[in-house]
$ cat data.tsv   # TSV, C-alpha atoms
chain	number	residue	atom	x	y	z
A	1	MET	CA	0.00	0.00	0.00
A	2	ASP	CA	1.59	3.22	-1.23
A	3	LEU	CA	1.35	6.22	1.11
A	4	ARG	CA	1.15	8.51	-1.90
A	5	VAL	CA	-1.97	6.67	-3.12
A	6	LEU	CA	-3.51	6.98	0.34
A	7	GLN	CA	-3.06	10.73	0.04
A	8	TYR	CA	-4.77	10.60	-3.35
A	9	PHE	CA	-7.67	8.63	-1.86
A	10	LEU	CA	-8.07	11.13	1.00
A	11	ALA	CA	-8.16	13.98	-1.51
A	12	VAL	CA	-11.01	12.27	-3.38
A	13	ALA	CA	-12.85	11.62	-0.10
A	14	ARG	CA	-12.40	15.26	0.92
A	15	GLU	CA	-13.45	16.76	-2.41
A	16	GLN	CA	-16.18	14.13	-3.07
A	17	SER	CA	-15.10	14.37	-6.68
A	18	ILE	CA	-12.32	12.73	-8.68
A	19	SER	CA	-12.02	15.68	-11.03
A	20	ALA	CA	-11.81	18.21	-8.16
A	21	ALA	CA	-9.31	16.02	-6.31
A	22	ALA	CA	-7.20	15.67	-9.47
A	23	GLN	CA	-7.13	19.44	-9.83
A	24	SER	CA	-6.04	19.94	-6.20
A	25	LEU	CA	-3.33	17.27	-6.63
A	26	HIS	CA	-2.17	18.66	-10.01
A	27	LEU	CA	-2.89	15.34	-11.69
A	28	SER	CA	-4.94	14.47	-14.72
A	29	GLN	CA	-8.33	12.94	-13.96
A	30	PRO	CA	-7.59	9.69	-15.86
A	31	ALA	CA	-4.31	9.25	-13.96
A	32	LEU	CA	-6.05	9.68	-10.61
A	33	SER	CA	-8.90	7.34	-11.61
A	34	ILE	CA	-6.33	4.66	-12.47
A	35	GLN	CA	-4.65	5.03	-9.06
A	36	ILE	CA	-7.97	4.76	-7.18
A	37	LYS	CA	-9.03	1.76	-9.28
A	38	ALA	CA	-5.71	0.05	-8.53
A	39	LEU	CA	-6.24	0.69	-4.80
A	40	GLU	CA	-9.68	-0.93	-4.98
A	41	GLU	CA	-8.21	-3.92	-6.80
A	42	GLU	CA	-5.44	-4.20	-4.18
A	43	PHE	CA	-8.01	-4.47	-1.39
A	44	GLY	CA	-10.56	-6.37	-3.43
A	45	LYS	CA	-13.22	-3.91	-2.26
A	46	GLN	CA	-15.18	-1.08	-3.85
A	47	LEU	CA	-14.20	2.11	-2.03
A	48	LEU	CA	-16.18	4.69	-3.98
A	49	ILE	CA	-19.65	4.84	-5.48
A	50	ARG	CA	-19.41	6.88	-8.64
A	51	GLY	CA	-22.28	9.26	-9.34
A	52	ALA	CA	-24.87	8.69	-11.98
A	53	LYS	CA	-24.12	9.79	-15.51
A	54	GLY	CA	-23.68	13.54	-15.57
A	55	SER	CA	-22.83	13.72	-11.86
A	56	ARG	CA	-19.22	14.06	-10.75
A	57	LYS	CA	-19.90	13.46	-7.04
A	58	VAL	CA	-18.60	10.28	-5.45
A	59	VAL	CA	-19.68	8.69	-2.14
A	60	LEU	CA	-17.57	6.44	0.08
A	61	THR	CA	-18.71	2.89	0.64
A	62	GLU	CA	-18.56	1.42	4.15
A	63	GLU	CA	-15.09	0.02	3.32
A	64	GLY	CA	-14.13	3.43	1.95
A	65	ARG	CA	-15.11	5.13	5.21
A	66	ILE	CA	-13.00	2.65	7.16
A	67	LEU	CA	-10.03	3.25	4.87
A	68	ARG	CA	-10.45	7.02	5.19
A	69	GLN	CA	-10.22	6.84	8.99
A	70	ARG	CA	-7.24	4.49	8.93
A	71	ALA	CA	-5.47	6.47	6.19
A	72	GLU	CA	-5.78	9.67	8.22
A	73	GLU	CA	-4.27	7.88	11.23
A	74	ILE	CA	-1.45	6.33	9.18
A	75	LEU	CA	-0.45	9.58	7.50
A	76	SER	CA	-0.62	11.44	10.82
A	77	LEU	CA	1.80	8.93	12.36
A	78	VAL	CA	4.11	9.15	9.35
A	79	GLN	CA	4.23	12.94	9.60
A	80	LYS	CA	4.83	12.77	13.36
A	81	THR	CA	7.67	10.26	12.87
A	82	GLU	CA	9.32	12.33	10.15
A	83	GLU	CA	9.26	15.43	12.34
A	84	GLU	CA	10.81	13.54	15.26
A	85	LEU	CA	13.60	11.98	13.18
A	86	THR	CA	14.61	14.96	11.08
A	87	CYS	CA	15.17	17.52	13.84
A	88	SER	CA	18.81	18.06	14.83
A	89	ASP	CA	20.28	16.71	18.07
A	90	ASP	CA	20.74	20.17	19.60
A	91	THR	CA	17.31	21.50	18.65
A	92	ILE	CA	14.03	20.61	20.33
A	93	VAL	CA	11.09	21.18	18.04
A	94	GLY	CA	7.87	19.36	17.37
A	95	ASP	CA	4.42	18.71	18.72
A	96	VAL	CA	3.11	17.59	22.09
A	97	ILE	CA	-0.35	16.07	21.68
A	98	ILE	CA	-2.56	15.59	24.73
A	99	GLY	CA	-5.95	13.93	24.85
A	100	ALA	CA	-8.22	15.19	27.61
A	101	GLY	CA	-11.75	15.73	28.74
A	102	GLU	CA	-13.09	19.08	29.89
A	103	THR	CA	-11.38	20.07	33.13
A	104	ASP	CA	-9.83	23.07	34.83
A	105	ILE	CA	-6.70	20.93	35.31
A	106	ILE	CA	-5.75	21.93	31.76
A	107	ARG	CA	-4.46	25.11	33.43
A	108	LEU	CA	-1.67	23.05	35.01
A	109	LEU	CA	-0.61	21.82	31.58
A	110	ALA	CA	-0.82	25.38	30.25
A	111	LYS	CA	1.49	26.63	33.02
A	112	THR	CA	4.00	23.94	32.13
A	113	ALA	CA	3.85	24.86	28.44
A	114	LYS	CA	4.31	28.52	29.34
A	115	LYS	CA	7.52	27.70	31.26
A	116	LEU	CA	8.83	25.82	28.23
A	117	GLN	CA	7.85	28.50	25.73
A	118	LYS	CA	10.75	30.90	26.28
A	119	LYS	CA	13.49	28.26	26.05
A	120	TYR	CA	11.82	26.03	23.44
A	121	PRO	CA	9.61	28.28	21.26
A	122	ASP	CA	9.37	25.67	18.50
A	123	ILE	CA	7.42	23.18	20.60
A	124	HIS	CA	3.74	23.32	19.73
A	125	TYR	CA	0.87	21.94	21.80
A	126	HIS	CA	-2.34	20.27	20.65
A	127	ILE	CA	-5.22	19.49	23.01
A	128	SER	CA	-7.52	16.85	21.56
A	129	SER	CA	-10.79	16.81	23.53
A	130	GLY	CA	-12.78	13.66	24.16
A	131	ASN	CA	-14.02	11.25	26.78
A	132	ALA	CA	-11.95	8.50	28.42
A	133	GLU	CA	-12.67	5.93	25.70
A	134	TYR	CA	-11.53	8.38	23.03
A	135	VAL	CA	-8.34	9.24	24.94
A	136	LEU	CA	-7.38	5.59	25.50
A	137	GLU	CA	-8.09	4.63	21.89
A	138	TYR	CA	-5.91	7.42	20.53
A	139	LEU	CA	-3.20	6.72	23.09
A	140	ASP	CA	-3.11	3.05	22.11
A	141	LYS	CA	-2.86	3.97	18.42
A	142	GLY	CA	0.04	6.34	19.08
A	143	LEU	CA	-1.89	9.37	17.82
A	144	ILE	CA	-1.41	11.30	21.09
A	145	ASP	CA	1.53	11.45	23.50
A	146	PHE	CA	-0.34	11.81	26.78
A	147	GLY	CA	-3.84	11.36	28.14
A	148	LEU	CA	-5.51	13.15	31.03
A	149	LEU	CA	-7.97	10.85	32.80
A	150	PHE	CA	-10.00	10.64	36.00
A	151	ARG	CA	-10.22	6.89	36.48
A	152	ASP	CA	-8.21	3.93	37.70
A	153	ILE	CA	-5.31	3.21	35.35
A	154	ASP	CA	-4.34	-0.20	33.98
A	155	SER	CA	-0.76	-0.32	35.29
A	156	THR	CA	0.12	-3.20	32.95
A	157	LYS	CA	-0.43	-0.95	29.91
A	158	TYR	CA	0.22	2.61	31.10
A	159	GLU	CA	2.52	4.73	33.19
A	160	CYS	CA	0.93	7.57	35.09
A	161	LEU	CA	1.75	10.78	36.88
A	162	PRO	CA	-0.77	11.70	39.62
A	163	LEU	CA	-1.73	15.36	39.54
A	164	PRO	CA	-1.96	17.44	42.74
A	165	ILE	CA	-5.20	19.15	41.71
A	166	LYS	CA	-8.63	17.57	42.05
A	167	ASP	CA	-11.86	18.42	40.25
A	168	THR	CA	-14.98	18.99	42.34
A	169	TRP	CA	-18.31	17.46	41.40
A	170	GLY	CA	-21.51	19.46	41.63
A	171	VAL	CA	-24.60	20.67	39.83
A	172	LEU	CA	-24.87	23.23	37.04
A	173	MET	CA	-28.30	24.88	37.14
A	174	ARG	CA	-30.23	28.01	36.31
A	175	LYS	CA	-30.04	30.76	38.91
A	176	ASP	CA	-33.84	30.77	39.16
A	177	SER	CA	-33.96	27.02	39.93
A	178	PRO	CA	-35.28	26.00	43.37
A	179	LEU	CA	-31.99	24.25	44.23
A	180	ALA	CA	-30.03	27.43	43.49
A	181	GLN	CA	-31.05	28.69	46.94
A	182	LYS	CA	-28.84	26.03	48.52
A	183	ASP	CA	-25.09	26.38	49.19
A	184	ALA	CA	-24.50	22.69	48.42
A	185	ILE	CA	-26.54	19.85	46.92
A	186	SER	CA	-27.17	16.54	48.69
A	187	PRO	CA	-28.11	13.25	47.01
A	188	GLU	CA	-31.67	13.54	48.31
A	189	ASP	CA	-32.05	16.92	46.58
A	190	LEU	CA	-31.57	15.25	43.19
A	191	TRP	CA	-33.54	12.02	43.51
A	192	ASN	CA	-36.68	13.38	41.83
A	193	GLN	CA	-35.13	16.08	39.64
A	194	PRO	CA	-34.61	15.98	35.84
A	195	LEU	CA	-30.90	15.23	35.49
A	196	ILE	CA	-28.38	15.66	32.68
A	197	ILE	CA	-25.37	13.38	33.15
A	198	SER	CA	-22.22	12.41	31.27
A	199	HIS	CA	-22.58	9.30	29.13
A	200	GLN	CA	-18.92	8.46	29.72
A	201	LYS	CA	-18.51	4.81	30.65
A	202	GLY	CA	-17.88	4.31	34.36
A	203	GLU	CA	-19.11	7.69	35.56
A	204	ASP	CA	-22.65	6.43	36.14
A	205	GLN	CA	-21.43	3.90	38.73
A	206	TYR	CA	-19.21	6.56	40.27
A	207	LEU	CA	-22.14	8.95	40.66
A	208	ALA	CA	-24.55	6.19	41.71
A	209	GLN	CA	-22.40	5.46	44.74
A	210	TRP	CA	-22.59	9.10	45.83
A	211	MET	CA	-26.30	9.39	44.93
A	212	LYS	CA	-27.13	6.23	46.94
A	213	ARG	CA	-29.33	5.21	44.05
A	214	ASP	CA	-28.95	3.10	40.93
A	215	VAL	CA	-28.76	5.39	37.91
A	216	SER	CA	-31.64	3.50	36.27
A	217	THR	CA	-33.96	4.72	39.06
A	218	LEU	CA	-33.09	8.39	38.52
A	219	HIS	CA	-34.91	10.82	36.23
A	220	ILE	CA	-32.30	11.14	33.46
A	221	VAL	CA	-33.62	13.48	30.78
A	222	ALA	CA	-30.40	13.77	28.74
A	223	THR	CA	-26.76	12.73	28.57
A	224	TYR	CA	-23.77	14.68	27.27
A	225	ASN	CA	-20.21	14.27	26.07
A	226	LEU	CA	-19.16	17.94	26.25
A	227	VAL	CA	-20.20	20.04	29.24
A	228	PHE	CA	-20.67	23.13	27.07
A	229	ASN	CA	-23.48	21.39	25.22
A	230	ALA	CA	-24.97	20.31	28.55
A	231	SER	CA	-24.88	23.93	29.75
A	232	LEU	CA	-27.09	24.93	26.81
A	233	LEU	CA	-29.63	22.29	27.80
A	234	VAL	CA	-29.54	23.61	31.36
A	235	ASP	CA	-29.93	27.20	30.18
A	236	GLU	CA	-33.07	26.21	28.29
A	237	GLY	CA	-34.50	24.71	31.49
A	238	LEU	CA	-34.28	21.03	30.54
A	239	GLY	CA	-32.74	19.94	33.84
A	240	TYR	CA	-29.77	19.92	36.21
A	241	ALA	CA	-26.33	18.93	34.84
A	242	LEU	CA	-23.97	16.90	37.03
A	243	CYS	CA	-20.43	17.93	36.15
A	244	PHE	CA	-17.09	19.32	37.35
A	245	ASP	CA	-16.70	22.85	38.68
A	246	LYS	CA	-14.88	25.66	36.81
A	247	ILE	CA	-15.55	24.34	33.32
A	248	ILE	CA	-18.50	26.60	32.57
A	249	HIS	CA	-17.96	30.23	33.57
A	250	THR	CA	-21.27	31.23	35.09
A	251	GLN	CA	-20.50	34.88	35.84
A	252	GLY	CA	-22.81	37.14	33.87
A	253	SER	CA	-24.94	34.18	32.71
A	254	ASN	CA	-28.25	32.63	33.77
A	255	LEU	CA	-26.38	29.70	35.34
A	256	CYS	CA	-24.75	28.88	38.66
A	257	PHE	CA	-22.83	25.95	40.13
A	258	ARG	CA	-23.35	24.28	43.50
A	259	PRO	CA	-20.98	21.61	44.88
A	260	PHE	CA	-22.09	18.22	46.19
A	261	THR	CA	-22.41	17.55	49.89
A	262	PRO	CA	-20.87	15.31	51.05
A	263	LYS	CA	-18.00	16.53	48.89
A	264	LEU	CA	-17.10	14.43	45.86
A	265	GLU	CA	-13.74	14.95	44.12
A	266	ALA	CA	-11.98	13.32	41.17
A	267	SER	CA	-8.23	12.84	41.01
A	268	GLY	CA	-6.53	13.42	37.67
A	269	TYR	CA	-3.67	11.48	36.10
A	270	ILE	CA	-1.42	12.14	33.14
A	271	ILE	CA	-0.87	8.77	31.48
A	272	TRP	CA	1.21	7.38	28.63
A	273	LYS	CA	1.90	3.95	27.18
A	274	LYS	CA	4.42	1.72	28.91
A	275	TYR	CA	7.79	1.59	27.15
A	276	GLN	CA	6.76	4.52	24.96
A	277	VAL	CA	9.61	6.18	23.11
A	278	PHE	CA	8.92	9.89	23.41
A	279	SER	CA	9.87	12.57	20.95
A	280	LYS	CA	12.29	15.15	22.35
A	281	ALA	CA	9.44	17.62	22.68
A	282	ALA	CA	7.22	15.19	24.62
A	283	HIS	CA	10.14	14.10	26.81
A	284	ILE	CA	11.07	17.64	27.85
A	285	PHE	CA	7.39	18.50	28.44
A	286	LEU	CA	7.07	15.58	30.86
A	287	GLN	CA	10.23	16.67	32.67
A	288	TYR	CA	8.89	20.20	33.08
A	289	LEU	CA	5.48	18.89	34.18
A	290	ARG	CA	7.14	16.85	36.94
A	291	ASP	CA	9.04	19.98	38.02
A	292	THR	CA	5.84	22.05	38.01
A	293	ILE	CA	4.11	19.51	40.24
A	294	SER	CA	7.02	19.16	42.64

$ encode --input "data.tsv" --output "structure tokens"
Amino acid sequence: MDLRVLQYFLAVAREQSISAAAQSLHLSQPALSIQIKALEEEFGKQLLIRGAKGSRKVVLTEEGRILRQRAEEILSLVQKTEEELTCSDDTIVGDVIIGAGETDIIRLLAKTAKKLQKKYPDIHYHISSGNAEYVLEYLDKGLIDFGLLFRDIDSTKYECLPLPIKDTWGVLMRKDSPLAQKDAISPEDLWNQPLIISHQKGEDQYLAQWMKRDVSTLHIVATYNLVFNASLLVDEGLGYALCFDKIIHTQGSNLCFRPFTPKLEASGYIIWKKYQVFSKAAHIFLQYLRDTIS
């Protein structure tokens, strides 16, 4: 499988047109068609559905969609590897890629990056947001250097660095909600309320223990992946969102946050794959992060 042909295929997928992709690649349309046809023959699968006569639009088959995702991952790894191998021994340049959910702990990573910035201005940082499943998948595939998680870590697969900051659980609600009159929210306060909770795997059991109720017995009106989206549901009066503090800035808005009582906190960990060979940029970032914590 030729990497160059994968790039051609991605261009066709992006443009949804062989002629438009050929123009962007500075190739003739027949030459590009031959390359795509050869790729389909190599896999023994149809990757594109050509449009009806007179239509230039193409649609990816199910196999084509799978190849598109894998091709993007392969080419991303190739680019990352080239950058790591071609930089000189006395120069630290490159990217540090971190997968993380929404949390105020990102500030700790930002402080570390700020310390590095003056001495190593050619290190660039990329925060890829997603839930725990997303972070672990991308970590396992080598598409990110570090993950930021709030769950028990499989020590047979990952190394971890415990972080000194904890996130506080509570309730995001409208300021005119009945519960907004309270300084803190108890489990009993929420038993009969319309709730908006994270659909991240594992968090329902975590919250159920604090709530003293099985999640299936609660009035769940919606679930979310990103807290910002949940805040819009709350603002429209759909229900109360259970989430971390300091993610949604409530000042000047219709919303407010109230912590749980008894207090419920989540400890964060920076994790990476065991025996991972870091780029120079990722290695120096981890060193500085350890220094920042200590």

$ closest_residue --input "data.tsv" --among "A:Gln7, A:Leu27, A:Arg258, A:Lys37" --to "Gln181 (chain A)" --atoms "all atoms listed in the file"
A:Arg258

$ closest_atom_pairs --input "data.tsv" --of "region 230-280 of chain A" --to "region 130-136 of chain A" --cutoff "12 Å" --atoms "only C-alpha atoms" --output "tab-separated table"
residue	atom	partner	partner_atom	distance
A:Gly268	CA	A:Ala132	CA	11.8
A:Tyr269	CA	A:Ala132	CA	11.7
A:Ile270	CA	A:Val135	CA	11.1
A:Ile271	CA	A:Leu136	CA	9.4
A:Trp272	CA	A:Leu136	CA	9.3
A:Lys273	CA	A:Leu136	CA	9.6

$ closest_residue --input "data.tsv" --among "A:Leu139, A:Val58, A:Leu32, A:Ile293" --to "Gly99 (chain A)" --atoms "only C-alpha atoms"
A:Leu139

$ residues_around --input "data.tsv" --residues "Trp210 (chain A)" --least-positions-apart "2" --cutoff "9 Å" --atoms "only C-alpha atoms" --output "list in words"
Pro187, Gln205, Tyr206, Leu207, Ala208, Lys212, Arg213, Pro262 and Leu264 of chain A

$ closest_residue --input "data.tsv" --among "A:Leu232, A:Val277, A:Leu60, A:Val171" --to "Pro259 (chain A)" --atoms "all atoms listed in the file"
A:Val171

$ build_atoms --input "data.tsv" --residues "region 213-225 of chain A" --atoms "N, CA, C and O atoms" --output "compact mmCIF listing (two decimals), in the coordinates of the input"
# COMPACT_ATOMS: atom_id res chain seq x y z
N ARG A 213 -28.26 5.71 44.91
CA ARG A 213 -29.33 5.21 44.05
C ARG A 213 -28.72 4.63 42.79
O ARG A 213 -27.71 5.12 42.28
N ASP A 214 -29.34 3.60 42.25
CA ASP A 214 -28.95 3.10 40.93
C ASP A 214 -29.36 4.12 39.89
O ASP A 214 -30.44 4.72 39.98
N VAL A 215 -28.50 4.36 38.92
CA VAL A 215 -28.76 5.39 37.91
C VAL A 215 -30.08 5.12 37.17
O VAL A 215 -30.78 6.06 36.80
N SER A 216 -30.42 3.85 36.99
CA SER A 216 -31.64 3.50 36.27
C SER A 216 -32.90 3.98 36.99
O SER A 216 -33.97 4.10 36.37
N THR A 217 -32.79 4.25 38.29
CA THR A 217 -33.96 4.72 39.06
C THR A 217 -34.08 6.24 39.07
O THR A 217 -35.06 6.77 39.57
N LEU A 218 -33.08 6.93 38.52
CA LEU A 218 -33.09 8.39 38.52
C LEU A 218 -33.82 8.92 37.28
O LEU A 218 -34.00 8.21 36.29
N HIS A 219 -34.20 10.18 37.35
CA HIS A 219 -34.91 10.82 36.23
C HIS A 219 -33.88 11.46 35.29
O HIS A 219 -33.60 12.66 35.38
N ILE A 220 -33.31 10.65 34.41
CA ILE A 220 -32.30 11.14 33.46
C ILE A 220 -33.01 11.63 32.20
O ILE A 220 -33.62 10.85 31.47
N VAL A 221 -32.94 12.93 31.96
CA VAL A 221 -33.62 13.48 30.78
C VAL A 221 -32.68 13.63 29.59
O VAL A 221 -33.14 13.74 28.45
N ALA A 222 -31.36 13.62 29.84
CA ALA A 222 -30.40 13.77 28.74
C ALA A 222 -29.01 13.35 29.22
O ALA A 222 -28.73 13.34 30.42
N THR A 223 -28.16 12.99 28.27
CA THR A 223 -26.76 12.73 28.57
C THR A 223 -25.90 13.61 27.66
O THR A 223 -26.37 14.09 26.62
N TYR A 224 -24.65 13.80 28.05
CA TYR A 224 -23.77 14.68 27.27
C TYR A 224 -22.37 14.09 27.19
O TYR A 224 -21.98 13.24 27.99
N ASN A 225 -21.63 14.59 26.21
CA ASN A 225 -20.21 14.27 26.07
C ASN A 225 -19.38 15.50 26.41
O ASN A 225 -18.33 15.40 27.03
